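A.B. asks: Okay, so here is start.txt, and as you'll see once you scroll down, it has compact mmCIF, C-alpha atoms.
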# COMPACT_ATOMS: atom_id res chain seq x y z
CA MET A 6 -2.48 13.79 -5.49
CA PRO A 7 0.79 14.59 -3.78
CA VAL A 8 3.15 11.81 -2.84
CA THR A 9 3.63 12.09 0.89
CA HIS A 10 7.33 11.25 1.06
CA HIS A 11 9.94 14.02 0.81
CA ARG A 12 9.97 15.87 -2.47
CA ILE A 13 13.13 15.25 -4.45
CA SER A 14 14.28 16.44 -7.85
CA LYS A 15 13.75 14.12 -10.81
CA ARG A 16 17.51 13.68 -11.24
CA ARG A 17 17.95 12.72 -7.57
CA PHE A 18 14.78 10.59 -7.81
CA TYR A 19 16.29 8.38 -10.52
CA LYS A 20 19.56 8.08 -8.63
CA PHE A 21 17.69 7.17 -5.44
CA LEU A 22 15.40 4.74 -7.21
CA GLN A 23 18.12 3.53 -9.58
CA LEU A 24 15.43 3.41 -12.25
CA ASP A 25 16.08 5.17 -15.55
CA SER A 26 13.08 6.62 -17.35
CA GLY A 27 13.43 4.08 -20.19
CA MET A 28 13.82 0.97 -18.02
CA LYS A 29 11.18 -1.72 -17.79
CA PHE A 30 9.69 -2.20 -14.32
CA CYS A 31 6.93 -3.78 -12.30
CA ILE A 32 4.58 -1.90 -10.04
CA ILE A 33 3.26 -3.22 -6.74
CA VAL A 34 0.33 -1.37 -5.20
CA ASP A 35 -1.66 -1.81 -2.02
CA GLU A 36 -4.36 0.38 -0.62
CA ALA A 37 -5.49 0.78 2.97
CA ARG A 38 -6.85 3.27 5.45
CA ASP A 39 -4.42 5.12 7.66
CA GLU A 40 -4.95 6.00 11.33
CA SER A 41 -6.95 9.10 10.42
CA LYS A 42 -9.30 6.97 8.29
CA LYS A 43 -7.96 8.37 4.98
CA GLU A 44 -7.53 6.02 2.07
CA GLN A 45 -3.89 5.64 1.07
CA MET A 46 -2.16 3.85 -1.78
CA ALA A 47 1.38 2.54 -1.28
CA ILE A 48 3.51 2.16 -4.41
CA PHE A 49 6.57 -0.03 -4.86
CA PHE A 50 8.71 -0.53 -7.95
CA ARG A 51 10.49 -3.76 -8.87
CA PHE A 52 13.15 -3.64 -11.55
CA ILE A 53 16.54 -4.93 -12.63
CA ASP A 54 19.17 -2.28 -11.97
CA GLN A 55 22.14 -1.46 -14.21
CA ASP A 56 24.24 -4.08 -12.40
CA GLY A 57 21.69 -6.81 -13.15
CA ILE A 58 20.41 -6.95 -9.56
CA LEU A 59 16.70 -7.31 -8.88
CA ARG A 60 15.55 -4.33 -6.81
CA GLU A 61 12.28 -3.72 -5.04
CA GLN A 62 11.97 -0.24 -3.65
CA PHE A 63 9.28 1.63 -1.82
CA PHE A 64 8.31 4.70 -3.82
CA GLY A 65 5.74 6.49 -1.72
CA VAL A 66 2.26 6.77 -0.33
CA VAL A 67 -0.45 8.63 -2.21
CA HIS A 68 -3.74 9.80 -0.69
CA VAL A 69 -6.69 8.61 -2.77
CA SER A 70 -10.27 9.76 -2.35
CA TYR A 71 -11.69 6.37 -3.27
CA THR A 72 -10.24 2.93 -3.82
CA THR A 73 -12.08 2.28 -7.06
CA ALA A 74 -9.97 0.92 -9.88
CA SER A 75 -10.35 4.10 -11.94
CA THR A 76 -9.27 6.36 -9.05
CA LEU A 77 -6.23 4.19 -8.32
CA LYS A 78 -5.34 4.14 -12.03
CA LYS A 79 -5.53 7.95 -12.25
CA SER A 80 -3.27 8.23 -9.20
CA ILE A 81 -0.74 5.80 -10.69
CA ASP A 82 -0.82 7.69 -14.01
CA PHE A 83 -0.18 10.94 -12.13
CA VAL A 84 2.77 9.52 -10.20
CA LEU A 85 4.34 7.92 -13.27
CA SER A 86 3.97 11.00 -15.45
CA ASN A 87 5.21 13.27 -12.66
CA HIS A 88 8.48 11.30 -12.66
CA ASN A 89 8.75 10.78 -16.45
CA LEU A 90 8.03 7.06 -16.18
CA ASP A 91 6.07 5.67 -19.11
CA ILE A 92 3.23 3.27 -18.40
CA GLN A 93 4.32 1.42 -21.57
CA ASN A 94 7.42 0.29 -19.64
CA ILE A 95 5.44 -1.60 -17.00
CA ARG A 96 5.95 -5.33 -17.41
CA GLY A 97 4.33 -6.60 -14.23
CA GLN A 98 1.74 -5.57 -11.71
CA GLY A 99 1.14 -7.03 -8.27
CA TYR A 100 -1.88 -6.39 -6.08
CA ASP A 101 -3.88 -8.06 -3.37
CA GLY A 102 -6.92 -10.12 -4.22
CA ALA A 103 -9.54 -7.37 -3.85
CA SER A 104 -11.92 -7.20 -6.79
CA ASN A 105 -11.10 -3.54 -7.48
CA MET A 106 -7.51 -4.64 -8.09
CA ARG A 107 -7.58 -8.06 -9.73
CA SER A 108 -10.78 -8.06 -11.80
CA LYS A 109 -9.96 -9.05 -15.38
CA TRP A 110 -12.70 -6.84 -16.80
CA ASN A 111 -12.79 -3.60 -14.81
CA GLY A 112 -10.18 -3.88 -12.06
CA LEU A 113 -6.93 -1.96 -11.86
CA GLN A 114 -5.17 -4.85 -13.58
CA ALA A 115 -7.48 -4.52 -16.61
CA LEU A 116 -7.17 -0.73 -16.78
CA ILE A 117 -3.37 -0.89 -16.85
CA LEU A 118 -3.49 -3.73 -19.38
CA LYS A 119 -5.48 -1.45 -21.72
CA ASP A 120 -2.57 1.01 -21.72
CA CYS A 121 0.21 -1.56 -21.86
CA LEU A 122 -0.39 -4.86 -23.62
CA TYR A 123 2.85 -6.43 -22.30
CA VAL A 124 2.06 -6.21 -18.60
CA TYR A 125 1.23 -9.32 -16.61
CA TYR A 126 -0.56 -9.58 -13.27
CA ILE A 127 0.45 -11.60 -10.23
CA HIS A 128 -1.30 -11.86 -6.93
CA CYS A 129 1.01 -10.14 -4.42
CA LEU A 130 3.18 -12.79 -2.75
CA ALA A 131 3.13 -11.00 0.62
CA HIS A 132 -0.65 -11.06 0.54
CA GLN A 133 -0.58 -14.74 -0.39
CA LEU A 134 1.65 -15.37 2.64
CA GLN A 135 -0.83 -13.51 4.84
CA LEU A 136 -3.68 -15.62 3.46
CA ALA A 137 -1.66 -18.81 4.09
CA LEU A 138 -0.98 -17.73 7.68
CA VAL A 139 -4.68 -17.05 8.20
CA VAL A 140 -5.54 -20.53 6.95
CA ALA A 141 -2.80 -22.09 9.07
CA SER A 142 -3.92 -20.21 12.18
CA LYS A 143 -7.39 -21.70 11.81
CA GLU A 144 -5.83 -25.11 12.46
CA VAL A 145 -4.62 -24.03 15.93
CA ILE A 146 -7.90 -23.50 17.76
CA PRO A 147 -6.70 -21.12 20.55
CA ILE A 148 -4.96 -18.87 18.00
CA HIS A 149 -8.01 -18.97 15.77
CA HIS A 150 -10.28 -17.94 18.69
CA PHE A 151 -7.89 -15.14 19.66
CA PHE A 152 -7.83 -13.63 16.15
CA THR A 153 -11.58 -14.08 15.74
CA LYS A 154 -12.24 -12.18 18.97
CA LEU A 155 -9.63 -9.54 18.15
CA THR A 156 -11.18 -8.99 14.72
CA SER A 157 -14.63 -8.61 16.28
CA ILE A 158 -13.38 -6.08 18.82
CA ILE A 159 -11.57 -4.05 16.15
CA ASN A 160 -14.61 -4.08 13.86
CA ILE A 161 -16.95 -2.99 16.64
CA VAL A 162 -14.67 -0.18 17.82
CA ASN A 163 -14.07 1.09 14.29
CA ALA A 164 -17.71 0.79 13.26
CA LEU A 165 -19.07 2.80 16.13
CA CYS A 166 -17.82 6.37 16.02
CA LYS A 167 -18.83 6.97 19.62
CA CYS A 168 -16.88 3.92 20.79
CA ASN A 169 -13.94 4.97 18.64
CA ASP A 170 -13.97 8.46 20.18
CA GLU A 171 -14.33 7.02 23.69
CA PHE A 172 -11.46 4.63 23.04
CA LYS A 173 -9.25 7.49 21.82
CA HIS A 174 -10.12 9.59 24.89
CA ALA A 175 -9.45 6.66 27.22
CA GLN A 176 -6.16 5.99 25.46
CA ALA A 177 -5.15 9.67 25.76
CA ALA A 178 -6.10 9.69 29.46
CA GLU A 179 -4.06 6.53 30.04
CA ILE A 180 -1.04 8.05 28.32
CA ALA A 181 -1.41 11.29 30.32
CA HIS A 182 -1.65 9.25 33.54
CA LEU A 183 1.47 7.23 32.67
CA ILE A 184 3.39 10.45 31.92
CA ALA A 185 2.20 12.00 35.19
CA ILE A 186 3.48 9.06 37.26
CA ASP A 187 6.76 8.87 35.27
CA GLU A 188 5.99 5.46 33.80
CA LEU A 189 6.15 6.89 30.27
CA LYS A 190 8.48 9.56 28.93
CA SER A 191 7.10 12.42 26.88
CA GLY A 192 8.74 13.30 23.57
CA THR A 193 8.84 17.01 24.46
Take the structure in the file and give it back as structure tokens.

C.D. replies:
Amino acid sequence: MPVTHHRISKRRFYKFLQLDSGMKFCIIVDEARDESKKEQMAIFFRFIDQDGILREQFFGVVHVSYTTASTLKKSIDFVLSNHNLDIQNIRGQGYDGASNMRSKWNGLQALILKDCLYVYYIHCLAHQLQLALVVASKEVIPIHHFFTKLTSIINIVNALCKCNDEFKHAQAAEIAHLIAIDELKSGT
């Protein structure tokens, strides 16, 4: 379960993160598929630094085989132990509203609560904002129709491997054509 950001020493890690191994912190986790269709888990830490300033810092992205609560928990345990951070020091956890994350009985929130009785759960505020924007966009009919059609197109293209492959080939051909006619610059 390697973290995909640059490897840094534990001493430099703490300086970069400004999080001492004994400090209390919150963990914010979100999972999603990347472009290559691999499941990824993004990890953020929120903590009060030594100057009393609230910090929220991106930690890294971890590849996960599955997005079940137990798999995510094992990945979090691995990351924390690899950087000498004790799960007992977690005081808050923030996730989206997916059942594998928020379930009080067998979600990630519950699994972390079993290891640390002082941790509380909040629904991720960024995800709440996204949900509010979705609801608000439904009030503006043309925007609602646009996003409904866009969602359908994305779902169809992603669901059908053949369409997905054809789309990738068409996109590559378009890029090659734009490079050939000097409308797009190549990075090489």

A.B. asks: Would you kindly identify which residues have an atom no farther than 12 Å from (3.8, -6.3, -21.9), using only C-alpha atoms and the file's own coordinates, and write them out as an mmCIF file with C-alpha atoms, keeping the file's coordinate frame?

C.D. replies:
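Okay, result30.cif is ready:
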data_model
loop_
_atom_site.group_PDB
_atom_site.id
_atom_site.type_symbol
_atom_site.label_atom_id
_atom_site.label_comp_id
_atom_site.auth_asym_id
_atom_site.auth_seq_id
_atom_site.Cartn_x
_atom_site.Cartn_y
_atom_site.Cartn_z
ATOM 1 C CA LYS A 29 11.180 -1.720 -17.790
ATOM 2 C CA PHE A 30 9.690 -2.200 -14.320
ATOM 3 C CA CYS A 31 6.930 -3.780 -12.300
ATOM 4 C CA ILE A 92 3.230 3.270 -18.400
ATOM 5 C CA GLN A 93 4.320 1.420 -21.570
ATOM 6 C CA ASN A 94 7.420 0.290 -19.640
ATOM 7 C CA ILE A 95 5.440 -1.600 -17.000
ATOM 8 C CA ARG A 96 5.950 -5.330 -17.410
ATOM 9 C CA GLY A 97 4.330 -6.600 -14.230
ATOM 10 C CA GLN A 98 1.740 -5.570 -11.710
ATOM 11 C CA ILE A 117 -3.370 -0.890 -16.850
ATOM 12 C CA LEU A 118 -3.490 -3.730 -19.380
ATOM 13 C CA LYS A 119 -5.480 -1.450 -21.720
ATOM 14 C CA ASP A 120 -2.570 1.010 -21.720
ATOM 15 C CA CYS A 121 0.210 -1.560 -21.860
ATOM 16 C CA LEU A 122 -0.390 -4.860 -23.620
ATOM 17 C CA TYR A 123 2.850 -6.430 -22.300
ATOM 18 C CA VAL A 124 2.060 -6.210 -18.600
ATOM 19 C CA TYR A 125 1.230 -9.320 -16.610
ATOM 20 C CA TYR A 126 -0.560 -9.580 -13.270
#

A.B. asks: Select, from A:Ile161, A:Arg60, A:Glu188, A:Tyr100, the residue with the minimum atom-to-atom distance to A:Ile33, counting all atoms listed in the file.

C.D. replies: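 Closest to A:Ile33, using all atoms listed in the file: A:Tyr100.
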
A.B. asks: Taking only C-alpha atoms into account, which of A:His88, A:Lys154, A:Lys42, A:Arg51 comes nearest A:Ser70?

C.D. replies: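 With only C-alpha atoms as the atom set, the closest residue is A:Lys42.
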
A.B. asks: Within 12 Å of A:Ser191, counting only C-alpha atoms, which residues show up once you throw out same-chain ones fewer than 5 positions away? Write them as an mmCIF file with C-alpha atoms, in the frame of the given file, please.

C.D. replies:
data_model
loop_
_atom_site.group_PDB
_atom_site.id
_atom_site.type_symbol
_atom_site.label_atom_id
_atom_site.label_comp_id
_atom_site.auth_asym_id
_atom_site.auth_seq_id
_atom_site.Cartn_x
_atom_site.Cartn_y
_atom_site.Cartn_z
ATOM 1 C CA ILE A 180 -1.040 8.050 28.320
ATOM 2 C CA ALA A 181 -1.410 11.290 30.320
ATOM 3 C CA HIS A 182 -1.650 9.250 33.540
ATOM 4 C CA LEU A 183 1.470 7.230 32.670
ATOM 5 C CA ILE A 184 3.390 10.450 31.920
ATOM 6 C CA ALA A 185 2.200 12.000 35.190
ATOM 7 C CA ILE A 186 3.480 9.060 37.260
#

A.B. asks: A:Ser80: which residues within 9 Å, counting only C-alpha atoms, same-chain residues fewer than 2 positions away excluded, as a list in words?

C.D. replies: Met6, Met46, Val67, His68, Val69, Ser75, Thr76, Leu77, Lys78, Asp82, Phe83, Val84 and Leu85 of chain A

A.B. asks: Looking at only C-alpha atoms, which of A:Ile81, A:Ile148, A:Val34, A:Ala74 is the one that sits closest to A:Gln62?

C.D. replies: A:Val34

A.B. asks: How many Å separate atom CA of A:Leu113 from atom CA of A:Asn87?

C.D. replies: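 Atom CA of A:Asn87 lies 19.5 Å from atom CA of A:Leu113.
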
A.B. asks: Just to confirm, what's the straight-line distance from atom CA of A:Glu44 to atom CA of A:Val66 in Å (one decimal)?

C.D. replies: 10.1 Å
